[in-house]
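These notes are about the structure you will find just below.
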Amino acid sequence: MRPDYRFTHKHILGIDHLSCDDIEHILQVAESFKEISSRSIKKVPTLRGKTVVSLFFEPSTRTRLSFEIAAKRLSADTFAITTASSSATKGESLIDTAKNLEAMNPDIIIMRNAISGSPHLLTRHIKTSVINAGDGTHEHPSQGLLDLMTVKEHKQRIKGLKLAIIGDIAHSRVAHSNIIGFSKMGASVTVSGPATLIPRNVERLGATVCLSVREAIRDADVVMPLRIQMERQNDALLPSFKEYAAFFGINRQTLEAARPDALVMHPGPINRGVELTPDVADGSRSVILDQVANGVAIRMALLYLVLGNA
Ligand code: CP
């Protein structure tokens with residue numbers, strides 16, 4: 001990291017906007033916060049008096065809860081709105097919703113939305129800091145950062161590793177954030193899956209495409225199967241889940257092509273028996289629940305760093 005480095009971001013919209021120094025710094029701050037979650041009193045006064053609003057227009061278990069836990073562990077006040085509980089159901093636009101939230105003077109808005117680019121749009125209409133908690137098929141920066149943190153914890157480095165991401169690359173914001181983040185930090189990223197689920201030009205993000213799963217996984221340090229995102233598919237892109245599992249699912253046999261110490265990761269939610277078998281999901285190489293635990297630390301770091309700049 002440069003000696004004169006300073007974190008200067010008011011918003012976190014994507015890993016694309018973060019430099020290697022930013023990523024290193026976020027991971028360091030997250031590591032320093034991680035210990036708070038193992039205390040018997042899991043609370044520090046760092047963000048006392050700050051107001052965090054989460055605006056989730058798509059379902060979420062991990063991201064929404066871990067942002068809320070992160071904010072509460074730093075003593076911020078948290079408030080949550082979901083699609084069902086908001087006046088968006090009465091026809092209020094996203095921009096009007098955000099302007100009305102801003103009028104109540106929150107310090108930060110955490111937003112998930114099905115429309116790619118919607119958090120970027122908000123930042124042009126309101127002054128409040130915005131963290132993107134997943135926008136359509138575009139980016140999921142906090143997931144990419146917690147994945148980097150998890151790999152760094154287990155492998156002590158990112159540079160020179162091989163990450164294989166398998167599955168629905170076209171509709172996955174996690175895939176996009178991880179391709180950008182891991183490539184930026186010096187790893188090589190190979191993507192594989194049905195040709196209908198590999199986006200054109202994915203190489204421009206830094207990935208190598210390999211349609212054979214076994215070849216993609218060969219000598220990988222990290223294997224990351226992804227869920228088929230049916231909620232984002234309008235056309236029939238797969239014959240069936242059964243066929244997908246047979247050709248592209250990760251099981252003990254396919255995993256043999258990876259390095260013996262390869263990590264198995266998954267952002268969740270898992271469709272067991274489709275993109276990976278339960279024995280692999282729960283096996284000794286799986287760090288899936290470490291990813292979830294690190295999600296709290298990464299989100300504590302993001303809230304702390306962004307609010308320090310706001
Ligand atoms: N990984 C992830 O974004 O999970 P949720 O959809 O449950 O938040």
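Each chain in the structure tokens gets a letter, A, B and so on, in the order shown; residues start at 1 in every chain, and ligands are counted from 1 in the order they appear.
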Ligand 1 neighbours within 6 Å using only C-alpha atoms and all ligand atoms, as a PyMOL selection string: chain A and resi 60-64+267-269
The selected residues should be written to file as a JSON list (two decimals), in the first residue's frame (atoms: C-alpha atoms).
[["chain", "number", "residue", "atom", "x", "y", "z"],
["A", 60, "SER", "CA", -31.87, -11.39, 0.90],
["A", 61, "THR", "CA", -30.86, -13.43, 3.92],
["A", 62, "ARG", "CA", -27.10, -12.95, 4.27],
["A", 63, "THR", "CA", -26.47, -9.45, 2.92],
["A", 64, "ARG", "CA", -29.34, -7.70, 4.63],
["A", 267, "PRO", "CA", -22.08, -16.97, -2.08],
["A", 268, "GLY", "CA", -25.41, -18.60, -1.15],
["A", 269, "PRO", "CA", -28.22, -19.35, -1.37]]
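Look at A:Pro45: the protein and nucleic acid residues within 9 Å of it, using only C-alpha atoms and passing over chain neighbours fewer than 5 places away, are Arg73, Leu74, Ser75 and Ala76 of chain A.
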How about saving the chosen residues, C-alpha atoms kept, as a PDB file, in the first residue's frame?
ATOM      1  CA  ARG A  73     -22.142  -3.985  16.416  1.00  0.00           C
ATOM      2  CA  LEU A  74     -20.764  -0.510  15.658  1.00  0.00           C
ATOM      3  CA  SER A  75     -23.695   1.066  17.631  1.00  0.00           C
ATOM      4  CA  ALA A  76     -25.383   2.728  14.639  1.00  0.00           C
TER       5      ALA A  76
END
For stretch 194-210 of chain A, list every protein, DNA or RNA residue within 7 Å, evaluated using only C-alpha atoms, and leave out those in the same chain fewer than 3 positions away; present the list as a PyMOL selection string. chain A and resi 168-170+179-180+183+189-191+215-216+237
I'd like to know which residues of stretch 29-213 of chain A are helix (DSSP H, G or I) (by DSSP, run on the backbone); could you write them as a PyMOL selection string? chain A and resi 29-38+62-73+87-90+94-103+118-123+141-155+173-184+195-197+202-205+213
Hey, what's within 9 Å of stretch 8-16 of chain A if we count only C-alpha atoms and toss same-chain stuff fewer than 2 positions away? As a ChimeraX atom specification, please? /A:6,18-19,22-23,108,117,119-120,123,128-134,138-142,144-145,177-178,180-181,184,302,305-310
Using only C-alpha atoms, which protein or nucleic acid residues come within 12 Å of A:Gln229? Drop anything in the same chain fewer than 5 positions from it, and give the result as JSON, numbers by chain. {"A": [114, 136, 137, 167, 168, 169, 170, 171, 172, 173, 174, 175, 197, 234, 235, 236, 237, 238, 241, 268, 269, 270, 271, 274, 275]}
With C-alpha atoms kept, could you save the residues just selected as an mmCIF file, in the first residue's frame?
data_model
loop_
_atom_site.group_PDB
_atom_site.id
_atom_site.type_symbol
_atom_site.label_atom_id
_atom_site.label_comp_id
_atom_site.auth_asym_id
_atom_site.auth_seq_id
_atom_site.Cartn_x
_atom_site.Cartn_y
_atom_site.Cartn_z
ATOM 1 C CA ALA A 114 -33.104 -5.789 -9.484
ATOM 2 C CA GLY A 136 -29.330 -6.651 -11.001
ATOM 3 C CA THR A 137 -26.675 -8.578 -12.909
ATOM 4 C CA GLY A 167 -22.359 -21.741 -13.477
ATOM 5 C CA ASP A 168 -24.650 -18.870 -14.379
ATOM 6 C CA ILE A 169 -22.003 -16.241 -15.059
ATOM 7 C CA ALA A 170 -24.324 -14.180 -17.276
ATOM 8 C CA HIS A 171 -26.824 -13.335 -14.538
ATOM 9 C CA SER A 172 -24.487 -13.288 -11.538
ATOM 10 C CA ARG A 173 -23.413 -9.987 -9.996
ATOM 11 C CA VAL A 174 -21.233 -12.061 -7.643
ATOM 12 C CA ALA A 175 -19.363 -13.486 -10.646
ATOM 13 C CA LEU A 197 -24.944 -18.689 -19.428
ATOM 14 C CA ASN A 234 -36.765 -14.712 -19.415
ATOM 15 C CA ASP A 235 -35.773 -17.355 -21.986
ATOM 16 C CA ALA A 236 -35.268 -21.091 -21.540
ATOM 17 C CA LEU A 237 -31.468 -21.252 -21.321
ATOM 18 C CA LEU A 238 -31.181 -24.751 -19.817
ATOM 19 C CA PHE A 241 -31.663 -28.702 -13.569
ATOM 20 C CA GLY A 268 -25.410 -18.601 -1.146
ATOM 21 C CA PRO A 269 -28.215 -19.354 -1.371
ATOM 22 C CA ILE A 270 -27.227 -22.898 -2.436
ATOM 23 C CA ASN A 271 -29.469 -25.132 -4.503
ATOM 24 C CA VAL A 274 -27.889 -28.675 -8.608
ATOM 25 C CA GLU A 275 -24.680 -26.590 -8.680
#
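Closest approach to A:Ala258 among A:Ala71, A:Leu161, A:Leu211, A:Val292: A:Leu161, based on only C-alpha atoms.
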Fewer than 6 positions away in the same chain doesn't count, so skip those; otherwise give me all residues within 8 Å of A:Met185, counting only C-alpha atoms, as a PyMOL selection string. chain A and resi 20+158-159
Keeping only N, CA, C and O atoms, write the selected residues to a file as a PDB file, in the first residue's frame.
ATOM      1  N   CYS A  20      -6.409  -1.324  -5.842  1.00  0.00           N
ATOM      2  CA  CYS A  20      -5.821  -2.415  -5.046  1.00  0.00           C
ATOM      3  C   CYS A  20      -5.562  -1.941  -3.618  1.00  0.00           C
ATOM      4  O   CYS A  20      -5.783  -2.686  -2.658  1.00  0.00           O
ATOM      5  N   ILE A 158      -3.579 -13.577  -2.493  1.00  0.00           N
ATOM      6  CA  ILE A 158      -4.529 -13.663  -3.614  1.00  0.00           C
ATOM      7  C   ILE A 158      -3.726 -13.819  -4.908  1.00  0.00           C
ATOM      8  O   ILE A 158      -4.084 -14.603  -5.790  1.00  0.00           O
ATOM      9  N   LYS A 159      -2.629 -13.059  -4.955  1.00  0.00           N
ATOM     10  CA  LYS A 159      -1.801 -13.018  -6.173  1.00  0.00           C
ATOM     11  C   LYS A 159      -1.322 -14.422  -6.545  1.00  0.00           C
ATOM     12  O   LYS A 159      -0.851 -15.173  -5.688  1.00  0.00           O
TER      13      LYS A 159
END
Name the residues in contact with A:Glu256 at a cut-off of 10 Å, using only C-alpha atoms, excluding same-chain residues fewer than 4 positions from it; report them as a ChimeraX atom specification. /A:214,217-219,251-252,260,262
Please dump the current selection as a compact mmCIF listing (two decimals), in the first residue's frame; keep all heavy atoms.
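Wrote it out as selection_26.txt, contents follow:
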# COMPACT_ATOMS: atom_id res chain seq x y z
N ARG A 214 -14.21 -29.59 -16.14
CA ARG A 214 -13.02 -30.27 -15.62
C ARG A 214 -11.75 -29.48 -15.94
O ARG A 214 -10.86 -29.33 -15.10
CB ARG A 214 -12.94 -31.68 -16.23
CG ARG A 214 -12.58 -32.69 -15.19
CD ARG A 214 -12.41 -34.09 -15.71
NE ARG A 214 -11.43 -34.76 -14.87
CZ ARG A 214 -11.66 -35.19 -13.64
NH1 ARG A 214 -12.84 -35.04 -13.09
NH2 ARG A 214 -10.70 -35.77 -12.94
N ILE A 217 -11.57 -26.30 -13.81
CA ILE A 217 -11.22 -26.57 -12.40
C ILE A 217 -9.79 -27.06 -12.24
O ILE A 217 -9.22 -26.96 -11.15
CB ILE A 217 -12.22 -27.61 -11.82
CG1 ILE A 217 -13.59 -26.97 -11.68
CG2 ILE A 217 -11.77 -28.15 -10.48
CD1 ILE A 217 -14.64 -27.92 -11.17
N ARG A 218 -9.20 -27.54 -13.34
CA ARG A 218 -7.87 -28.17 -13.23
C ARG A 218 -6.88 -27.24 -12.51
O ARG A 218 -6.71 -26.09 -12.88
CB ARG A 218 -7.33 -28.53 -14.63
CG ARG A 218 -6.05 -29.38 -14.55
CD ARG A 218 -5.64 -29.90 -15.92
NE ARG A 218 -6.69 -30.65 -16.59
CZ ARG A 218 -7.08 -31.90 -16.27
NH1 ARG A 218 -6.49 -32.53 -15.27
NH2 ARG A 218 -8.04 -32.49 -16.93
N ASP A 219 -6.29 -27.75 -11.44
CA ASP A 219 -5.29 -27.03 -10.63
C ASP A 219 -5.81 -25.74 -10.00
O ASP A 219 -5.01 -24.86 -9.63
CB ASP A 219 -4.03 -26.72 -11.47
CG ASP A 219 -3.34 -28.00 -11.90
OD1 ASP A 219 -3.42 -28.98 -11.14
OD2 ASP A 219 -2.76 -28.03 -13.00
N ASN A 251 -19.11 -32.01 -7.85
CA ASN A 251 -19.21 -33.13 -6.91
C ASN A 251 -17.79 -33.60 -6.58
O ASN A 251 -16.81 -33.00 -7.05
CB ASN A 251 -20.07 -34.26 -7.51
CG ASN A 251 -19.55 -34.68 -8.88
OD1 ASN A 251 -18.33 -34.78 -9.07
ND2 ASN A 251 -20.44 -34.91 -9.83
N ARG A 252 -17.70 -34.65 -5.78
CA ARG A 252 -16.37 -35.10 -5.34
C ARG A 252 -15.46 -35.48 -6.51
O ARG A 252 -14.27 -35.23 -6.50
CB ARG A 252 -16.51 -36.27 -4.37
CG ARG A 252 -16.24 -35.82 -2.95
CD ARG A 252 -16.21 -36.98 -2.00
NE ARG A 252 -17.51 -37.65 -1.98
CZ ARG A 252 -17.76 -38.74 -1.27
NH1 ARG A 252 -16.82 -39.28 -0.55
NH2 ARG A 252 -18.95 -39.28 -1.28
N PRO A 260 -5.26 -30.30 -4.41
CA PRO A 260 -5.76 -31.07 -3.25
C PRO A 260 -6.21 -30.16 -2.10
O PRO A 260 -7.07 -30.53 -1.32
CB PRO A 260 -4.54 -31.90 -2.83
CG PRO A 260 -3.60 -31.86 -3.97
CD PRO A 260 -3.89 -30.66 -4.80
N ALA A 262 -7.65 -27.21 -2.52
CA ALA A 262 -8.55 -26.18 -3.07
C ALA A 262 -9.70 -25.88 -2.11
O ALA A 262 -10.22 -26.78 -1.44
CB ALA A 262 -9.11 -26.64 -4.41
